[in-house]
Amino acid sequence: MAKIGIYGGTFNPPHAGHVLAAQQCREQLGLDEVILIPAAIPPHKALADDSPDAAVRLELTRLAVQGEEGLTVSDVELSRGGTSYTVDTLREIKASYHHDKLYLLMGTDMFLSFESWRNPEQIASLALPVCLHRGRENPQLKADIEQQAKRLKKLYRCEPILLDNDCVEISSTQVRRLLFFGCAQAYLPPAVLHRIEAGGLYGLDADCRALPFDRLKEISLSLLKPTRVAHVAGCCETAQALARRYGADERDAARAGILHDVTKALTGEQQLQLCEHFSLDITEFEREHPKLLHAKTGAAVAERIFGENEAVCSAICYHTTGCAEMTTLEKIIYLADYIEPTRAFDGVEQLREAAWRDLDEGMLLGLDMTLEHLREQKQPQALESVQARDWLLAKGTKA
Ligand code: FE
Ligand code: FE
């Protein structure tokens with residue numbers, strides 16, 4: 001009797017994390033083979049726009065496991081077509097592996113929602129659920145999945161396996177963002193990256209320079225985490241309104257507003273990779289606090305990928321820190337980011353009033369609030385913020 005791992009997913013695209021997770025499971029559970037099965041139409045979520053068709057995802061998945069011992073790819077879901085229900089797949093696989101023991105590999109989200117799958121009881125009778133998790137880094141998650149394992153045991157009389165796996169902390173969604181920014185190398189098997197680049201897949205062949213605003217907005221929002229969309233849309237509208245109030249270019253304000261956090265979904269490590277990709281100089285302070293780099297990398301993306309003008313790019317670049325000699329647009333984006341309608345913190349109303357009364361007064365108050373907050377948190381202050389404040393005071397701005 002062989003032990004066979006079944007690893008389904010959209011593999012859109014397949015990445016290094018998938019390969020590593022499959023290999024770790026194979027070793028930890030002593031599996032003879034792990035079969036990766038790209039879904040035709042996933043039951044739980046829609047495929048992202050710009051996804052290549054199923055045959056291409058299959059090809060990419062085959063490229064991802066090329067030369068990987070014990071990993072194979074099956075087209076069972078793609079040739080069946082339609083919505084890919086795991087229960088149907090397991091029945092088909094079981095027919096060819098009827099003497100073998102099947103292990104169904106899945107991430108924590110899928111494990112926690114196991115009862116909502118089609119025919120969970122039958123799934124559990126055909127294959128043993130295996131939950132891959134990083135519980136040692138997240139005790140609450142560990143408790144949740146242990147609870148779920150108990151529930152499934154009771155419901156379906158199976159003994160799910162919980163595998164602490166150091167799966168690369170990356171999702172296909174994040175890989176698609178990184179592909180767009182041009183720095184996905186670290187997360188993709190070379191053959192997969194090569195095929196994506198050669199075929200211009202995932203929108204890599206699109207020219208994003210000088211897009212009409214609606215299209216720019218659509219792309220920019222698609223690169224954000226869903227929780228940040230309202231903030232960015234709010235910042236964009238507030239920036240436009242402030243531009244109208246202070247006679248700045250409304251078009252530039254809207255474009256800078258919609259792009260200001262475009263790289264915010266990247267981790268600190270990915271921010272550093274993007275700086276390297278764009279050959280951006282960074283300070284020691286930024287290297288130690290790489291999440292702050294999203295302003296700088298956002299400006300680089302605005303310039304190099306979207307072809308935005310210098311006024312827009314510099315407004316994005318200084319939106320978190322400010323700087324000395326700020327332009328009107330730079331002040332507008334700094335303040336719009338701070339006071340847009342979803343912001344709710346002590347003092348936001350006072351800051352809104354100041355920003356609408358006088359741009360420099362708003363700036364000074366915003367900088368004071370930030371610097372004070374950092375002092376309280378015993379966090380280092382950005383030099384640019386201190387310089388911006390000194391500059392405003394030197395030109396007689398009222399506090
Ligand atoms: Fe930001
Ligand atoms: Fe922001």
# chains A, B, ... in the order shown; residues from 1 in each chain; ligands from 1
call {"tool": "closest_atom_pairs", "arguments": {"of": "chain A", "to": "ligand 1", "cutoff": "9 Å", "atoms": "only C-alpha atoms and all ligand atoms", "output": "Markdown table"}}
result
| residue | atom | partner | partner_atom_place_in_ligand_line | distance |
| --- | --- | --- | --- | --- |
| A:Val232 | CA | ligand 1 | 1 (Fe) | 8.9 |
| A:His260 | CA | ligand 1 | 1 (Fe) | 6.2 |
| A:Asp261 | CA | ligand 1 | 1 (Fe) | 4.9 |
| A:Val262 | CA | ligand 1 | 1 (Fe) | 8.5 |
| A:Thr263 | CA | ligand 1 | 1 (Fe) | 8.9 |
| A:Lys264 | CA | ligand 1 | 1 (Fe) | 6.8 |
| A:Leu292 | CA | ligand 1 | 1 (Fe) | 8.1 |
| A:His294 | CA | ligand 1 | 1 (Fe) | 6.6 |
| A:Ala295 | CA | ligand 1 | 1 (Fe) | 6.1 |
| A:Gly298 | CA | ligand 1 | 1 (Fe) | 8.9 |
| A:Ile316 | CA | ligand 1 | 1 (Fe) | 8.4 |
| A:His319 | CA | ligand 1 | 1 (Fe) | 6.5 |
| A:Thr320 | CA | ligand 1 | 1 (Fe) | 5.9 |
| A:Tyr334 | CA | ligand 1 | 1 (Fe) | 8.9 |
| A:Asp337 | CA | ligand 1 | 1 (Fe) | 7.1 |
call {"tool": "residues_around", "arguments": {"residues": "A:Glu68", "least_positions_apart": "6", "cutoff": "12 Å", "atoms": "only C-alpha atoms", "output": "PyMOL selection string"}}
result
chain A and resi 16+18-20+22-24+26+33-36+61-62+189
call {"tool": "write_last_selection", "arguments": {"atoms": "all heavy atoms", "output": "compact mmCIF listing (two decimals), in the first residue's frame"}}
result
# COMPACT_ATOMS: atom_id res chain seq x y z
N ALA A 16 7.02 28.79 -5.31
CA ALA A 16 7.99 28.04 -4.51
C ALA A 16 7.36 27.52 -3.22
O ALA A 16 7.74 26.45 -2.73
CB ALA A 16 9.18 28.94 -4.18
N HIS A 18 4.31 26.36 -2.81
CA HIS A 18 3.60 25.11 -3.12
C HIS A 18 4.59 23.95 -3.16
O HIS A 18 4.34 22.89 -2.60
CB HIS A 18 2.92 25.20 -4.49
CG HIS A 18 1.78 26.17 -4.56
ND1 HIS A 18 1.70 27.15 -5.54
CD2 HIS A 18 0.67 26.33 -3.80
CE1 HIS A 18 0.58 27.85 -5.39
NE2 HIS A 18 -0.06 27.38 -4.33
N VAL A 19 5.70 24.16 -3.86
CA VAL A 19 6.66 23.07 -4.04
C VAL A 19 7.25 22.68 -2.68
O VAL A 19 7.34 21.50 -2.33
CB VAL A 19 7.78 23.48 -5.03
CG1 VAL A 19 8.84 22.41 -5.13
CG2 VAL A 19 7.18 23.80 -6.39
N LEU A 20 7.60 23.68 -1.89
CA LEU A 20 8.20 23.40 -0.58
C LEU A 20 7.20 22.69 0.33
O LEU A 20 7.53 21.72 1.00
CB LEU A 20 8.67 24.70 0.07
CG LEU A 20 9.44 24.49 1.36
CD1 LEU A 20 10.84 23.98 1.06
CD2 LEU A 20 9.51 25.76 2.19
N ALA A 22 4.67 20.82 -0.53
CA ALA A 22 4.47 19.44 -1.01
C ALA A 22 5.66 18.57 -0.60
O ALA A 22 5.48 17.44 -0.12
CB ALA A 22 4.30 19.44 -2.53
N GLN A 23 6.86 19.10 -0.74
CA GLN A 23 8.05 18.32 -0.38
C GLN A 23 8.12 18.05 1.12
O GLN A 23 8.48 16.97 1.55
CB GLN A 23 9.33 19.01 -0.86
CG GLN A 23 9.60 18.91 -2.35
CD GLN A 23 9.80 17.47 -2.84
OE1 GLN A 23 9.45 16.50 -2.16
NE2 GLN A 23 10.35 17.32 -4.04
N GLN A 24 7.77 19.07 1.91
CA GLN A 24 7.82 18.86 3.37
C GLN A 24 6.80 17.82 3.81
O GLN A 24 7.08 16.99 4.65
CB GLN A 24 7.56 20.18 4.09
CG GLN A 24 8.78 21.08 4.07
CD GLN A 24 8.76 22.09 5.21
OE1 GLN A 24 7.71 22.37 5.79
NE2 GLN A 24 9.91 22.64 5.53
N ARG A 26 5.66 15.38 2.01
CA ARG A 26 6.15 14.08 1.54
C ARG A 26 7.14 13.51 2.55
O ARG A 26 7.05 12.34 2.94
CB ARG A 26 6.82 14.27 0.17
CG ARG A 26 7.02 12.99 -0.62
CD ARG A 26 7.53 13.29 -2.00
NE ARG A 26 8.90 13.77 -1.98
CZ ARG A 26 9.97 12.98 -1.98
NH1 ARG A 26 9.84 11.67 -1.99
NH2 ARG A 26 11.19 13.50 -1.95
N GLU A 33 4.24 9.66 -3.03
CA GLU A 33 4.01 10.58 -4.14
C GLU A 33 3.06 11.69 -3.66
O GLU A 33 2.18 11.44 -2.85
CB GLU A 33 3.32 9.80 -5.29
CG GLU A 33 3.07 10.58 -6.55
CD GLU A 33 2.33 9.73 -7.62
OE1 GLU A 33 2.14 8.51 -7.41
OE2 GLU A 33 1.92 10.33 -8.62
N VAL A 34 3.28 12.90 -4.15
CA VAL A 34 2.30 13.96 -3.93
C VAL A 34 1.82 14.41 -5.31
O VAL A 34 2.63 14.75 -6.18
CB VAL A 34 2.87 15.16 -3.16
CG1 VAL A 34 1.84 16.29 -3.07
CG2 VAL A 34 3.31 14.75 -1.76
N ILE A 35 0.50 14.37 -5.50
CA ILE A 35 -0.07 14.74 -6.80
C ILE A 35 -0.66 16.15 -6.69
O ILE A 35 -1.58 16.39 -5.90
CB ILE A 35 -1.17 13.77 -7.22
CG1 ILE A 35 -0.69 12.32 -7.12
CG2 ILE A 35 -1.64 14.08 -8.65
CD1 ILE A 35 -1.80 11.30 -7.39
N LEU A 36 -0.14 17.08 -7.48
CA LEU A 36 -0.70 18.43 -7.53
C LEU A 36 -1.81 18.45 -8.57
O LEU A 36 -1.62 17.98 -9.70
CB LEU A 36 0.39 19.45 -7.90
CG LEU A 36 1.34 19.88 -6.77
CD1 LEU A 36 2.28 18.75 -6.38
CD2 LEU A 36 2.15 21.11 -7.17
N THR A 61 2.12 24.37 -13.67
CA THR A 61 2.26 23.47 -12.53
C THR A 61 3.24 22.34 -12.86
O THR A 61 4.06 21.95 -12.04
CB THR A 61 0.87 22.92 -12.11
OG1 THR A 61 -0.05 24.02 -12.03
CG2 THR A 61 0.93 22.24 -10.76
N ARG A 62 3.16 21.86 -14.10
CA ARG A 62 4.14 20.82 -14.52
C ARG A 62 5.55 21.38 -14.48
O ARG A 62 6.48 20.71 -14.05
CB ARG A 62 3.79 20.31 -15.92
CG ARG A 62 2.52 19.47 -15.90
CD ARG A 62 2.38 18.63 -17.17
NE ARG A 62 1.35 17.63 -16.96
CZ ARG A 62 0.27 17.47 -17.73
NH1 ARG A 62 0.08 18.24 -18.79
NH2 ARG A 62 -0.62 16.53 -17.44
N PRO A 189 9.67 29.04 -9.16
CA PRO A 189 10.67 28.19 -9.78
C PRO A 189 11.08 28.84 -11.11
O PRO A 189 10.22 29.39 -11.82
CB PRO A 189 9.91 26.87 -10.02
CG PRO A 189 8.77 26.90 -9.04
CD PRO A 189 8.39 28.34 -8.91
call {"tool": "atom_distance", "arguments": {"atom1": "atom CA of A:Tyr338", "atom2": "atom CA of A:Glu286"}}
result
21.1 Å
call {"tool": "residues_around", "arguments": {"residues": "stretch 171-175 of chain A", "least_positions_apart": "2", "cutoff": "6 Å", "atoms": "only C-alpha atoms", "output": "PyMOL selection string"}}
result
chain A and resi 12-13+177-178
call {"tool": "write_last_selection", "arguments": {"atoms": "C-alpha atoms", "output": "PDB file, in the first residue's frame"}}
result
ATOM      1  CA  ASN A  12      -2.430  30.610 -10.206  1.00  0.00           C
ATOM      2  CA  PRO A  13       0.537  30.680 -10.524  1.00  0.00           C
ATOM      3  CA  ARG A 177       1.441  41.475  -7.185  1.00  0.00           C
ATOM      4  CA  LEU A 178       5.171  40.830  -7.207  1.00  0.00           C
TER       5      LEU A 178
END
call {"tool": "closest_residue", "arguments": {"among": "A:Leu274, A:Ala253, A:Ala300, A:Leu221", "to": "A:Ala184", "atoms": "only C-alpha atoms"}}
result
A:Leu274
call {"tool": "select_by_dssp", "arguments": {"residues": "stretch 94-274 of chain A", "states": "alpha helix (DSSP H)", "output": "ChimeraX atom specification"}}
result
/A:94-96,108-112,120-126,139-156,172-181,190-199,213-222,229-246,250-259,268-274
call {"tool": "residues_around", "arguments": {"residues": "stretch 83-85 of chain A", "least_positions_apart": "3", "cutoff": "12 Å", "atoms": "only C-alpha atoms", "output": "ChimeraX atom specification"}}
result
/A:8-10,37-47,54,75-80,88-92,116-120,122-123
call {"tool": "atom_distance", "arguments": {"atom1": "atom CA of A:Glu308", "atom2": "atom CA of A:Ala355"}}
result
25.7 Å
call {"tool": "closest_residue", "arguments": {"among": "A:Val348, A:Leu179, A:Ala256, A:Leu201", "to": "A:Asp53", "atoms": "only C-alpha atoms"}}
result
A:Leu201
